[in-house]
>>> print(open('data.cif').read())   # mmCIF, C-alpha atoms and all ligand atoms
data_my_file
#
loop_
_atom_site.group_PDB
_atom_site.id
_atom_site.type_symbol
_atom_site.label_atom_id
_atom_site.label_comp_id
_atom_site.auth_asym_id
_atom_site.auth_seq_id
_atom_site.Cartn_x
_atom_site.Cartn_y
_atom_site.Cartn_z
ATOM 1 C CA MET Q 1 -37.468 -13.298 -5.269
ATOM 2 C CA ASN Q 2 -38.369 -10.217 -3.259
ATOM 3 C CA ASP Q 3 -35.867 -7.683 -1.917
ATOM 4 C CA ASN Q 4 -36.076 -9.088 1.585
ATOM 5 C CA SER Q 5 -35.150 -12.644 0.630
ATOM 6 C CA ILE Q 6 -32.290 -11.346 -1.556
ATOM 7 C CA TYR Q 7 -31.031 -9.341 1.423
ATOM 8 C CA GLU Q 8 -31.221 -12.415 3.679
ATOM 9 C CA ILE Q 9 -29.205 -14.541 1.203
ATOM 10 C CA ILE Q 10 -26.532 -11.884 0.786
ATOM 11 C CA LYS Q 11 -26.287 -11.306 4.552
ATOM 12 C CA LYS Q 12 -26.041 -15.059 5.223
ATOM 13 C CA CYS Q 13 -23.225 -15.423 2.650
ATOM 14 C CA TYR Q 14 -21.311 -12.456 4.076
ATOM 15 C CA LEU Q 15 -21.511 -13.889 7.593
ATOM 16 C CA GLN Q 16 -20.658 -17.424 6.530
ATOM 17 C CA TYR Q 17 -17.846 -16.736 4.074
ATOM 18 C CA LEU Q 18 -16.462 -13.304 4.969
ATOM 19 C CA ASN Q 19 -17.160 -13.426 8.704
ATOM 20 C CA ARG Q 20 -18.876 -10.054 8.733
ATOM 21 C CA GLU Q 21 -22.021 -8.035 8.036
ATOM 22 C CA PRO Q 22 -22.334 -6.754 4.446
ATOM 23 C CA ASP Q 23 -21.018 -3.229 3.809
ATOM 24 C CA ASP Q 24 -23.265 -0.781 1.924
ATOM 25 C CA ALA Q 25 -21.356 -0.915 -1.363
ATOM 26 C CA GLY Q 26 -21.225 -4.729 -1.391
ATOM 27 C CA LEU Q 27 -24.878 -5.065 -0.471
ATOM 28 C CA LYS Q 28 -25.924 -2.692 -3.248
ATOM 29 C CA HIS Q 29 -23.696 -4.410 -5.801
ATOM 30 C CA TYR Q 30 -24.833 -7.989 -5.107
ATOM 31 C CA THR Q 31 -28.500 -6.997 -4.687
ATOM 32 C CA HIS Q 32 -28.399 -5.508 -8.176
ATOM 33 C CA LEU Q 33 -26.728 -8.645 -9.627
ATOM 34 C CA MET Q 34 -29.252 -10.962 -7.968
ATOM 35 C CA LYS Q 35 -32.290 -8.846 -8.817
ATOM 36 C CA THR Q 36 -31.298 -8.732 -12.476
ATOM 37 C CA ASN Q 37 -30.614 -12.507 -12.431
ATOM 38 C CA GLN Q 38 -26.941 -12.022 -13.264
ATOM 39 C CA ILE Q 39 -25.966 -14.337 -10.392
ATOM 40 C CA ASN Q 40 -27.730 -16.859 -8.168
ATOM 41 C CA GLU Q 41 -26.878 -17.958 -4.627
ATOM 42 C CA GLN Q 42 -24.376 -20.645 -5.743
ATOM 43 C CA GLU Q 43 -22.539 -18.148 -7.918
ATOM 44 C CA LEU Q 44 -22.481 -15.624 -5.089
ATOM 45 C CA ILE Q 45 -20.859 -18.237 -2.821
ATOM 46 C CA LYS Q 46 -18.298 -19.007 -5.522
ATOM 47 C CA THR Q 47 -17.498 -15.286 -5.893
ATOM 48 C CA PHE Q 48 -17.001 -14.961 -2.136
ATOM 49 C CA LYS Q 49 -14.807 -18.060 -1.974
ATOM 50 C CA ASN Q 50 -12.578 -16.591 -4.686
ATOM 51 C CA SER Q 51 -12.277 -13.201 -2.967
ATOM 52 C CA PRO Q 52 -8.981 -12.128 -1.333
ATOM 53 C CA GLU Q 53 -10.951 -11.552 1.880
ATOM 54 C CA TYR Q 54 -12.058 -15.209 2.053
ATOM 55 C CA LYS Q 55 -8.582 -16.413 1.122
ATOM 56 C CA LEU Q 56 -7.061 -14.519 4.050
ATOM 57 C CA SER Q 57 -9.152 -16.632 6.445
ATOM 58 C CA HIS Q 58 -8.881 -19.838 4.366
ATOM 59 C CA PRO Q 59 -5.611 -19.598 2.419
ATOM 60 C CA VAL Q 60 -5.367 -23.345 1.788
ATOM 61 C CA ASP Q 61 -7.577 -26.445 2.071
ATOM 62 C CA ILE Q 62 -6.713 -28.289 5.260
ATOM 63 C CA GLU Q 63 -7.941 -31.653 6.578
ATOM 64 C CA PRO Q 64 -10.557 -30.965 9.290
ATOM 65 C CA ASN Q 65 -8.696 -32.751 12.118
ATOM 66 C CA THR Q 66 -5.284 -31.193 11.505
ATOM 67 C CA PRO Q 67 -3.614 -30.212 14.835
ATOM 68 C CA VAL Q 68 -3.827 -26.480 15.455
ATOM 69 C CA ASP Q 69 -0.048 -25.837 15.448
ATOM 70 C CA ILE Q 70 0.316 -27.456 12.010
ATOM 71 C CA LYS Q 71 -2.727 -25.578 10.748
ATOM 72 C CA MET Q 72 -1.325 -22.206 11.935
ATOM 73 C CA LYS Q 73 2.044 -22.938 10.324
ATOM 74 C CA LYS Q 74 0.602 -24.084 6.974
ATOM 75 C CA GLU Q 75 -1.867 -21.226 6.753
ATOM 76 C CA TRP Q 76 0.701 -18.543 7.627
ATOM 77 C CA ASN Q 77 3.080 -20.009 5.067
ATOM 78 C CA GLU Q 78 0.343 -19.771 2.423
ATOM 79 C CA ARG Q 79 -0.537 -16.216 3.432
ATOM 80 C CA THR Q 80 3.120 -15.221 3.171
ATOM 81 C CA LYS Q 81 3.273 -16.660 -0.342
ATOM 82 C CA MET Q 82 0.162 -14.616 -1.280
ATOM 83 C CA ASP Q 83 1.631 -11.211 -0.324
ATOM 84 C CA PRO Q 84 3.837 -10.834 2.773
ATOM 85 C CA LEU Q 85 3.502 -7.060 3.155
ATOM 86 C CA PHE Q 86 -0.283 -7.192 2.803
ATOM 87 C CA VAL Q 87 -0.803 -9.987 5.342
ATOM 88 C CA ILE Q 88 1.550 -8.328 7.829
ATOM 89 C CA ALA Q 89 0.370 -4.724 7.645
ATOM 90 C CA THR Q 90 -2.629 -4.438 5.313
ATOM 91 C CA ASP Q 91 -2.925 -0.649 5.675
ATOM 92 C CA HIS Q 92 0.773 -0.057 4.959
ATOM 93 C CA SER Q 93 1.408 -2.484 2.131
ATOM 94 C CA GLU Q 94 1.079 -0.233 -0.933
ATOM 95 C CA THR Q 95 4.783 0.594 -1.009
ATOM 96 C CA GLU Q 96 7.848 -0.906 0.673
ATOM 97 C CA GLU Q 97 8.670 2.549 2.039
ATOM 98 C CA ASP Q 98 5.323 2.869 3.789
ATOM 99 C CA PHE Q 99 5.642 -0.679 5.137
ATOM 100 C CA TRP Q 100 9.081 -0.179 6.707
ATOM 101 C CA ASN Q 101 8.236 3.326 7.978
ATOM 102 C CA SER Q 102 5.150 1.924 9.718
ATOM 103 C CA GLY Q 103 7.472 -0.464 11.574
ATOM 104 C CA ILE Q 104 9.507 2.478 12.903
ATOM 105 C CA ASP Q 105 6.284 4.098 14.164
ATOM 106 C CA GLU Q 106 5.102 0.852 15.805
ATOM 107 C CA CYS Q 107 8.515 0.410 17.432
ATOM 108 C CA ASN Q 108 8.362 3.922 18.930
ATOM 109 C CA ASP Q 109 4.775 3.363 20.110
ATOM 110 C CA ILE Q 110 5.531 -0.004 21.690
ATOM 111 C CA LEU Q 111 8.488 1.419 23.590
ATOM 112 C CA GLY Q 112 6.652 4.629 24.456
ATOM 113 C CA VAL Q 113 9.783 6.578 23.611
ATOM 114 C CA ASN Q 114 9.804 9.855 25.629
ATOM 115 C CA THR Q 115 7.304 8.419 28.122
ATOM 116 C CA GLU Q 116 7.484 6.772 31.502
ATOM 117 C CA ARG Q 117 7.113 3.339 29.870
ATOM 118 C CA TYR Q 118 10.464 3.614 28.138
ATOM 119 C CA GLN Q 119 12.128 4.541 31.432
ATOM 120 C CA LYS Q 120 10.533 1.471 33.045
ATOM 121 C CA ILE Q 121 11.769 -0.731 30.193
ATOM 122 C CA ILE Q 122 15.367 0.384 30.424
ATOM 123 C CA GLU Q 123 15.372 0.889 34.218
ATOM 124 C CA ASN Q 124 18.934 2.303 34.437
ATOM 125 C CA LYS Q 125 20.296 -0.607 32.378
ATOM 126 C CA GLU Q 126 22.930 -0.277 29.690
ATOM 127 C CA THR Q 127 20.729 -0.625 26.573
ATOM 128 C CA SER Q 128 23.579 -2.169 24.570
ATOM 129 C CA ASN Q 129 23.486 -5.120 27.001
ATOM 130 C CA MET Q 130 19.723 -5.616 26.809
ATOM 131 C CA ASN Q 131 18.124 -8.699 25.206
ATOM 132 C CA ILE Q 132 14.766 -8.128 23.532
ATOM 133 C CA LEU Q 133 12.276 -10.692 22.189
ATOM 134 C CA GLU Q 134 9.414 -10.236 19.712
ATOM 135 C CA ILE Q 135 6.756 -12.952 19.422
ATOM 136 C CA GLY Q 136 5.467 -13.244 15.829
ATOM 137 C CA CYS Q 137 7.950 -10.861 14.188
ATOM 138 C CA GLY Q 138 7.037 -11.584 10.546
ATOM 139 C CA ILE Q 139 9.851 -10.276 8.326
ATOM 140 C CA GLY Q 140 11.248 -7.886 10.946
ATOM 141 C CA ARG Q 141 9.144 -4.750 10.316
ATOM 142 C CA ILE Q 142 9.257 -3.757 14.032
ATOM 143 C CA LEU Q 143 12.244 -5.862 15.079
ATOM 144 C CA ILE Q 144 14.752 -4.072 12.829
ATOM 145 C CA PRO Q 145 13.988 -0.589 14.252
ATOM 146 C CA MET Q 146 14.232 -2.100 17.783
ATOM 147 C CA ARG Q 147 17.905 -2.854 17.088
ATOM 148 C CA LYS Q 148 18.577 0.918 17.099
ATOM 149 C CA PHE Q 149 17.569 0.971 20.767
ATOM 150 C CA PHE Q 150 18.924 -2.313 22.119
ATOM 151 C CA GLY Q 151 22.085 -4.411 21.867
ATOM 152 C CA ASN Q 152 20.480 -7.739 21.038
ATOM 153 C CA VAL Q 153 17.083 -8.345 19.420
ATOM 154 C CA THR Q 154 15.503 -11.685 18.532
ATOM 155 C CA GLY Q 155 12.233 -12.392 16.764
ATOM 156 C CA ILE Q 156 10.422 -15.699 16.578
ATOM 157 C CA ASP Q 157 7.746 -16.614 14.072
ATOM 158 C CA ILE Q 158 5.736 -19.745 13.288
ATOM 159 C CA SER Q 159 6.029 -19.347 9.513
ATOM 160 C CA SER Q 160 9.134 -20.702 7.799
ATOM 161 C CA GLU Q 161 8.267 -18.541 4.773
ATOM 162 C CA MET Q 162 8.245 -15.381 6.920
ATOM 163 C CA VAL Q 163 11.459 -16.439 8.651
ATOM 164 C CA GLN Q 164 13.294 -17.096 5.381
ATOM 165 C CA LEU Q 165 12.273 -13.709 3.985
ATOM 166 C CA GLY Q 166 13.035 -11.939 7.256
ATOM 167 C CA GLN Q 167 16.477 -13.506 7.494
ATOM 168 C CA LYS Q 168 17.403 -11.809 4.221
ATOM 169 C CA TYR Q 169 16.562 -8.406 5.694
ATOM 170 C CA VAL Q 170 18.492 -8.957 8.944
ATOM 171 C CA SER Q 171 21.487 -10.863 7.562
ATOM 172 C CA ASP Q 172 23.767 -7.822 7.608
ATOM 173 C CA ILE Q 173 22.540 -6.460 10.959
ATOM 174 C CA SER Q 174 24.603 -7.644 13.921
ATOM 175 C CA ASN Q 175 22.797 -9.150 16.939
ATOM 176 C CA CYS Q 176 19.454 -9.174 15.156
ATOM 177 C CA SER Q 177 18.042 -12.607 14.435
ATOM 178 C CA ILE Q 178 14.800 -14.201 13.292
ATOM 179 C CA VAL Q 179 14.083 -17.777 14.322
ATOM 180 C CA GLU Q 180 11.278 -20.196 13.408
ATOM 181 C CA ASN Q 181 9.318 -21.601 16.354
ATOM 182 C CA ASN Q 182 6.526 -24.137 16.869
ATOM 183 C CA GLY Q 183 3.784 -21.501 17.332
ATOM 184 C CA VAL Q 184 2.892 -22.434 20.897
ATOM 185 C CA ASP Q 185 5.873 -21.891 23.208
ATOM 186 C CA LEU Q 186 9.322 -20.327 23.659
ATOM 187 C CA SER Q 187 11.154 -23.568 24.358
ATOM 188 C CA GLU Q 188 14.281 -22.449 22.469
ATOM 189 C CA PHE Q 189 14.992 -19.818 25.154
ATOM 190 C CA SER Q 190 16.282 -20.281 28.680
ATOM 191 C CA ASP Q 191 14.680 -18.964 31.878
ATOM 192 C CA ASN Q 192 15.417 -15.406 32.978
ATOM 193 C CA SER Q 193 17.146 -14.421 29.737
ATOM 194 C CA PHE Q 194 15.279 -11.372 28.298
ATOM 195 C CA ASP Q 195 14.990 -7.746 29.457
ATOM 196 C CA PHE Q 196 11.854 -6.900 27.447
ATOM 197 C CA CYS Q 197 9.347 -8.813 25.329
ATOM 198 C CA TYR Q 198 6.607 -7.529 23.005
ATOM 199 C CA SER Q 199 4.059 -8.742 20.473
ATOM 200 C CA PHE Q 200 1.731 -6.912 18.087
ATOM 201 C CA ILE Q 201 -0.980 -8.236 15.717
ATOM 202 C CA VAL Q 202 -0.091 -11.855 16.454
ATOM 203 C CA PHE Q 203 -2.239 -13.065 19.375
ATOM 204 C CA GLN Q 204 -5.306 -11.607 17.631
ATOM 205 C CA HIS Q 205 -4.855 -14.270 14.937
ATOM 206 C CA ILE Q 206 -4.393 -17.249 17.278
ATOM 207 C CA PRO Q 207 -7.459 -19.523 17.221
ATOM 208 C CA GLU Q 208 -7.234 -20.934 20.790
ATOM 209 C CA LYS Q 209 -7.080 -19.008 24.079
ATOM 210 C CA GLN Q 210 -4.937 -21.712 25.627
ATOM 211 C CA ILE Q 211 -2.120 -20.990 23.150
ATOM 212 C CA VAL Q 212 -2.127 -17.259 23.945
ATOM 213 C CA GLU Q 213 -2.178 -18.099 27.667
ATOM 214 C CA ASN Q 214 0.730 -20.456 27.195
ATOM 215 C CA TYR Q 215 2.752 -17.745 25.437
ATOM 216 C CA ILE Q 216 2.099 -15.392 28.379
ATOM 217 C CA LYS Q 217 3.186 -18.134 30.779
ATOM 218 C CA GLU Q 218 6.312 -18.689 28.698
ATOM 219 C CA VAL Q 219 7.110 -14.970 28.761
ATOM 220 C CA SER Q 220 6.979 -15.064 32.578
ATOM 221 C CA ARG Q 221 9.619 -17.811 32.394
ATOM 222 C CA ILE Q 222 12.043 -16.200 29.918
ATOM 223 C CA LEU Q 223 11.829 -12.619 31.257
ATOM 224 C CA LYS Q 224 14.128 -11.420 34.012
ATOM 225 C CA LEU Q 225 12.323 -10.428 37.216
ATOM 226 C CA GLY Q 226 10.942 -6.864 37.177
ATOM 227 C CA CYS Q 227 10.969 -6.668 33.355
ATOM 228 C CA LEU Q 228 8.085 -5.653 31.058
ATOM 229 C CA PHE Q 229 5.972 -7.416 28.459
ATOM 230 C CA ARG Q 230 4.007 -5.102 26.130
ATOM 231 C CA PHE Q 231 1.498 -6.849 23.888
ATOM 232 C CA GLN Q 232 -1.836 -6.703 22.125
ATOM 233 C CA VAL Q 233 -4.687 -9.190 22.016
ATOM 234 C CA ARG Q 234 -8.045 -8.934 20.254
ATOM 235 C CA GLY Q 235 -10.481 -7.319 22.668
ATOM 236 C CA THR Q 236 -14.139 -8.187 23.032
ATOM 237 C CA ILE Q 237 -15.393 -6.391 19.950
ATOM 238 C CA SER Q 238 -19.026 -6.363 18.865
ATOM 239 C CA THR Q 239 -18.416 -8.091 15.532
ATOM 240 C CA LYS Q 240 -18.037 -11.729 16.509
ATOM 241 C CA PRO Q 241 -16.778 -13.790 13.558
ATOM 242 C CA SER Q 242 -19.010 -16.741 12.678
ATOM 243 C CA GLU Q 243 -15.885 -18.915 12.617
ATOM 244 C CA ILE Q 244 -12.635 -18.678 14.577
ATOM 245 C CA THR Q 245 -9.757 -19.135 12.142
ATOM 246 C CA THR Q 246 -6.008 -18.537 12.157
ATOM 247 C CA TRP Q 247 -6.886 -15.089 10.771
ATOM 248 C CA ASP Q 248 -9.914 -14.150 12.937
ATOM 249 C CA GLY Q 249 -8.588 -15.397 16.264
ATOM 250 C CA VAL Q 250 -9.900 -15.412 19.820
ATOM 251 C CA GLN Q 251 -11.077 -12.396 21.824
ATOM 252 C CA PHE Q 252 -10.309 -11.586 25.465
ATOM 253 C CA THR Q 253 -12.143 -9.739 28.229
ATOM 254 C CA SER Q 254 -10.413 -7.622 30.834
ATOM 255 C CA ASP Q 255 -11.312 -10.156 33.572
ATOM 256 C CA GLU Q 256 -9.656 -12.973 31.636
ATOM 257 C CA ILE Q 257 -6.507 -10.937 31.110
ATOM 258 C CA HIS Q 258 -6.253 -9.984 34.800
ATOM 259 C CA LYS Q 259 -6.703 -13.634 35.790
ATOM 260 C CA ILE Q 260 -3.931 -14.744 33.410
ATOM 261 C CA ALA Q 261 -1.647 -11.977 34.708
ATOM 262 C CA LYS Q 262 -2.212 -13.028 38.313
ATOM 263 C CA GLU Q 263 -1.633 -16.712 37.600
ATOM 264 C CA ASN Q 264 1.711 -15.909 35.981
ATOM 265 C CA ASN Q 265 3.151 -13.492 38.551
ATOM 266 C CA PHE Q 266 2.544 -10.394 36.414
ATOM 267 C CA GLU Q 267 1.285 -7.005 37.535
ATOM 268 C CA VAL Q 268 -0.869 -5.199 34.931
ATOM 269 C CA ILE Q 269 0.725 -1.752 34.787
ATOM 270 C CA GLU Q 270 -1.032 -0.413 31.669
ATOM 271 C CA GLU Q 271 -4.319 -1.438 30.091
ATOM 272 C CA GLY Q 272 -6.080 -0.125 26.973
ATOM 273 C CA SER Q 273 -9.754 -0.638 26.214
ATOM 274 C CA TYR Q 274 -10.773 -4.309 26.110
ATOM 275 C CA LYS Q 275 -13.588 -3.328 23.747
ATOM 276 C CA GLU Q 276 -11.121 -2.536 20.965
ATOM 277 C CA GLU Q 277 -9.654 -4.894 18.395
ATOM 278 C CA TYR Q 278 -6.255 -3.667 19.538
ATOM 279 C CA TYR Q 279 -6.501 -4.311 23.280
ATOM 280 C CA TRP Q 280 -3.079 -3.237 24.557
ATOM 281 C CA LEU Q 281 -1.435 -4.309 27.794
ATOM 282 C CA THR Q 282 1.808 -3.819 29.631
ATOM 283 C CA PHE Q 283 2.670 -6.485 32.205
ATOM 284 C CA LYS Q 284 5.505 -6.286 34.692
ATOM 285 C CA LEU Q 285 6.993 -9.494 36.048
ATOM 286 C CA LYS Q 286 6.901 -9.205 39.843
ATOM 287 C CA LYS Q 287 10.202 -9.435 41.679
HETATM 288 C C1 LIG L 1 0.134 -9.741 10.967
HETATM 289 S S1 LIG L 1 1.722 -10.455 11.073
HETATM 290 C C2 LIG L 1 2.570 -9.307 12.146
HETATM 291 C C3 LIG L 1 4.078 -9.406 12.089
HETATM 292 C C4 LIG L 1 4.818 -8.404 12.981
HETATM 293 N N1 LIG L 1 4.396 -8.511 14.354
HETATM 294 C C5 LIG L 1 4.582 -6.998 12.480
HETATM 295 O O1 LIG L 1 3.732 -6.297 13.077
HETATM 296 O O2 LIG L 1 5.240 -6.604 11.528
HETATM 297 C C6 LIG L 1 1.451 -11.848 12.147
HETATM 298 C C7 LIG L 1 2.669 -12.720 12.279
HETATM 299 O O3 LIG L 1 2.448 -13.633 13.353
HETATM 300 C C8 LIG L 1 2.932 -14.906 12.984
HETATM 301 N N2 LIG L 1 2.192 -15.888 13.787
HETATM 302 C C9 LIG L 1 0.904 -16.250 13.672
HETATM 303 N N3 LIG L 1 0.582 -17.156 14.604
HETATM 304 C C10 LIG L 1 1.703 -17.374 15.331
HETATM 305 C C11 LIG L 1 2.018 -18.204 16.441
HETATM 306 N N4 LIG L 1 1.107 -19.017 16.975
HETATM 307 N N5 LIG L 1 3.263 -18.162 16.950
HETATM 308 C C12 LIG L 1 4.213 -17.362 16.387
HETATM 309 N N6 LIG L 1 3.977 -16.566 15.323
HETATM 310 C C13 LIG L 1 2.732 -16.558 14.810
HETATM 311 C C14 LIG L 1 2.655 -14.976 11.490
HETATM 312 O O4 LIG L 1 3.440 -15.945 10.838
HETATM 313 C C15 LIG L 1 2.965 -13.560 11.058
HETATM 314 O O5 LIG L 1 4.305 -13.413 10.692
#
>>> encode(input="data.cif", output="structure tokens", more="lines below")
Ligand SMILES: C[S@@+](CC[C@H](N)C(=O)[O-])C[C@H]1O[C@@H](n2cnc3c(N)ncnc32)[C@H](O)[C@@H]1O
Amino acid sequence: MNDNSIYEIIKKCYLQYLNREPDDAGLKHYTHLMKTNQINEQELIKTFKNSPEYKLSHPVDIEPNTPVDIKMKKEWNERTKMDPLFVIATDHSETEEDFWNSGIDECNDILGVNTERYQKIIENKETSNMNILEIGCGIGRILIPMRKFFGNVTGIDISSEMVQLGQKYVSDISNCSIVENNGVDLSEFSDNSFDFCYSFIVFQHIPEKQIVENYIKEVSRILKLGCLFRFQVRGTISTKPSEITTWDGVQFTSDEIHKIAKENNFEVIEEGSYKEEYYWLTFKLKK
């Protein structure tokens, strides 16, 4: 086999199994193994399928026609069993200290403490009376620091494994709860009941736009009029995964987001770059 055909095989396997172009180190490593006949294409596929990277996208074998809500729940339960800190905050999972400190930083960033955003969130309210909701809270990394700012904080999460672990961390914190949900709506909450809602690194994993849109619609129902929703979706980034999974979820354009905002009575009051993986938005529910 010549170098070019080896390169094509390696590239094809990267795209098919790891959802990305090969990096330099990986390309060099596998080219050497293939050139020296230490592995063939079948063995390369097997290596990829056993890699942690592949397992993040495909943590468990699932019947092809499984409904998407069940698939999300099963796969997030499996990921949690693999390594909860790693699947929640990959870059801050080396030590527990780094993990929990990163949650404090995210909390401050989401609220925009010392900025105009924070003033808009609290809007002359008594913070001890405010009800806050996080969608996809994991084990409470960001939710727990939020309790220092607000009287009542609730997180929902699709994964029963995450919820069980999270409940241990919040059990001795008053007015801080973590609840399992169905992964598609906020049906456990009544209309007009929250003063602020947020979500980070959750919608980027959801495999269908309709589910993200439904969550946004649900937030417009449970928020009080004039309140804010700060959240992040996956923007339209250049690396399109070859397969949409419950790990590599859907991407949004700015036009799509503005349309969804309009349809749900939201004003877009802050917008990051839609060309970034972390495409940030702040919506305000119109009065
Ligand atoms: C990467 S973790 C982030 C957790 C938390 N937001 C944080 O930053 O610490 C993603 C979380 O979203 C949850 N999740 C994934 N899809 C969901 C869905 N459709 N509805 C609710 N939660 C979901 C997962 O179970 C997981 O706990």
>>> residues_near_ligand(input="data.cif", ligand="ligand LIG 1 (chain L)", cutoff="7 Å", atoms="all atoms listed in the file", output="ChimeraX atom specification")
/Q:72,76,87-89,103,135-142,156-159,162,181-184,199-203,205-206
>>> write_last_selection(input="data.cif", atoms="C-alpha atoms", output="PDB file, in the frame of the given file")
ATOM      1  CA  MET Q  72      -1.325 -22.206  11.935  1.00  0.00           C
ATOM      2  CA  TRP Q  76       0.701 -18.543   7.627  1.00  0.00           C
ATOM      3  CA  VAL Q  87      -0.803  -9.987   5.342  1.00  0.00           C
ATOM      4  CA  ILE Q  88       1.550  -8.328   7.829  1.00  0.00           C
ATOM      5  CA  ALA Q  89       0.370  -4.724   7.645  1.00  0.00           C
ATOM      6  CA  GLY Q 103       7.472  -0.464  11.574  1.00  0.00           C
ATOM      7  CA  ILE Q 135       6.756 -12.952  19.422  1.00  0.00           C
ATOM      8  CA  GLY Q 136       5.467 -13.244  15.829  1.00  0.00           C
ATOM      9  CA  CYS Q 137       7.950 -10.861  14.188  1.00  0.00           C
ATOM     10  CA  GLY Q 138       7.037 -11.584  10.546  1.00  0.00           C
ATOM     11  CA  ILE Q 139       9.851 -10.276   8.326  1.00  0.00           C
ATOM     12  CA  GLY Q 140      11.248  -7.886  10.946  1.00  0.00           C
ATOM     13  CA  ARG Q 141       9.144  -4.750  10.316  1.00  0.00           C
ATOM     14  CA  ILE Q 142       9.257  -3.757  14.032  1.00  0.00           C
ATOM     15  CA  ILE Q 156      10.422 -15.699  16.578  1.00  0.00           C
ATOM     16  CA  ASP Q 157       7.746 -16.614  14.072  1.00  0.00           C
ATOM     17  CA  ILE Q 158       5.736 -19.745  13.288  1.00  0.00           C
ATOM     18  CA  SER Q 159       6.029 -19.347   9.513  1.00  0.00           C
ATOM     19  CA  MET Q 162       8.245 -15.381   6.920  1.00  0.00           C
ATOM     20  CA  ASN Q 181       9.318 -21.601  16.354  1.00  0.00           C
ATOM     21  CA  ASN Q 182       6.526 -24.137  16.869  1.00  0.00           C
ATOM     22  CA  GLY Q 183       3.784 -21.501  17.332  1.00  0.00           C
ATOM     23  CA  VAL Q 184       2.892 -22.434  20.897  1.00  0.00           C
ATOM     24  CA  SER Q 199       4.059  -8.742  20.473  1.00  0.00           C
ATOM     25  CA  PHE Q 200       1.731  -6.912  18.087  1.00  0.00           C
ATOM     26  CA  ILE Q 201      -0.980  -8.236  15.717  1.00  0.00           C
ATOM     27  CA  VAL Q 202      -0.091 -11.855  16.454  1.00  0.00           C
ATOM     28  CA  PHE Q 203      -2.239 -13.065  19.375  1.00  0.00           C
ATOM     29  CA  HIS Q 205      -4.855 -14.270  14.937  1.00  0.00           C
ATOM     30  CA  ILE Q 206      -4.393 -17.249  17.278  1.00  0.00           C
TER      31      ILE Q 206
END
>>> resolve_selection(input="data.cif", expression="the PyMOL selection byres (((chain Q and resi 237) around 7) and not hetatm)", output="JSON list (two decimals) with C-alpha atoms, keeping the file's coordinate frame")
[["chain", "number", "residue", "atom", "x", "y", "z"],
["Q", 235, "GLY", "CA", -10.48, -7.32, 22.67],
["Q", 236, "THR", "CA", -14.14, -8.19, 23.03],
["Q", 238, "SER", "CA", -19.03, -6.36, 18.86],
["Q", 239, "THR", "CA", -18.42, -8.09, 15.53],
["Q", 240, "LYS", "CA", -18.04, -11.73, 16.51],
["Q", 275, "LYS", "CA", -13.59, -3.33, 23.75],
["Q", 276, "GLU", "CA", -11.12, -2.54, 20.96],
["Q", 277, "GLU", "CA", -9.65, -4.89, 18.40]]
>>> residues_around(input="data.cif", residues="Q:Met146", least_positions_apart="2", cutoff="9 Å", atoms="only C-alpha atoms", output="number ranges by chain")
Q: 104, 107-108, 111, 132, 142-144, 148-150, 153
>>> residues_around(input="data.cif", residues="Q:Tyr198", least_positions_apart="4", cutoff="6 Å", atoms="only C-alpha atoms", output="ChimeraX atom specification")
/Q:134,229-231
>>> residues_around(input="data.cif", residues="Q:Ser254", least_positions_apart="5", cutoff="10 Å", atoms="only C-alpha atoms", output="PyMOL selection string")
chain Q and resi 235-236+259-260+271-275+279
>>> residues_around(input="data.cif", residues="Q:Val60", least_positions_apart="6", cutoff="8 Å", atoms="all atoms listed in the file", output="short mmCIF file (atom, residue, chain, number, x, y, z; two decimals) with C-alpha atoms, keeping the file's coordinate frame")
data_model
loop_
_atom_site.label_atom_id
_atom_site.label_comp_id
_atom_site.auth_asym_id
_atom_site.auth_seq_id
_atom_site.Cartn_x
_atom_site.Cartn_y
_atom_site.Cartn_z
CA LYS Q 74 0.60 -24.08 6.97
CA GLU Q 75 -1.87 -21.23 6.75
CA GLU Q 78 0.34 -19.77 2.42
#
>>> resolve_selection(input="data.cif", expression="the PyMOL selection byres (((chain Q and resi 42-52) around 10) and not hetatm)", output="compact mmCIF listing (two decimals) with C-alpha atoms, in the frame of the given file")
# COMPACT_ATOMS: atom_id res chain seq x y z
CA ILE Q 9 -29.20 -14.54 1.20
CA ILE Q 10 -26.53 -11.88 0.79
CA CYS Q 13 -23.22 -15.42 2.65
CA TYR Q 14 -21.31 -12.46 4.08
CA GLN Q 16 -20.66 -17.42 6.53
CA TYR Q 17 -17.85 -16.74 4.07
CA LEU Q 18 -16.46 -13.30 4.97
CA TYR Q 30 -24.83 -7.99 -5.11
CA LEU Q 33 -26.73 -8.64 -9.63
CA MET Q 34 -29.25 -10.96 -7.97
CA GLN Q 38 -26.94 -12.02 -13.26
CA ILE Q 39 -25.97 -14.34 -10.39
CA ASN Q 40 -27.73 -16.86 -8.17
CA GLU Q 41 -26.88 -17.96 -4.63
CA GLU Q 53 -10.95 -11.55 1.88
CA TYR Q 54 -12.06 -15.21 2.05
CA LYS Q 55 -8.58 -16.41 1.12
CA LEU Q 56 -7.06 -14.52 4.05
CA SER Q 57 -9.15 -16.63 6.44
CA HIS Q 58 -8.88 -19.84 4.37
CA PRO Q 59 -5.61 -19.60 2.42
CA MET Q 82 0.16 -14.62 -1.28
>>> closest_residue(input="data.cif", among="Q:Phe194, Q:Phe86, Q:Trp100, Q:Phe189", to="Q:Met130", atoms="only C-alpha atoms")
Q:Phe194
>>> atom_distance(input="data.cif", atom1="atom CA of Q:Cys227", atom2="atom CA of Q:Lys287")
8.8 Å
>>> resolve_selection(input="data.cif", expression="the PyMOL selection byres (((chain Q and resi 210) around 12) and not hetatm)", output="count of residues only")
21
>>> atom_distance(input="data.cif", atom1="atom CA of Q:Glu96", atom2="atom CA of Q:Asp83")
12.1 Å
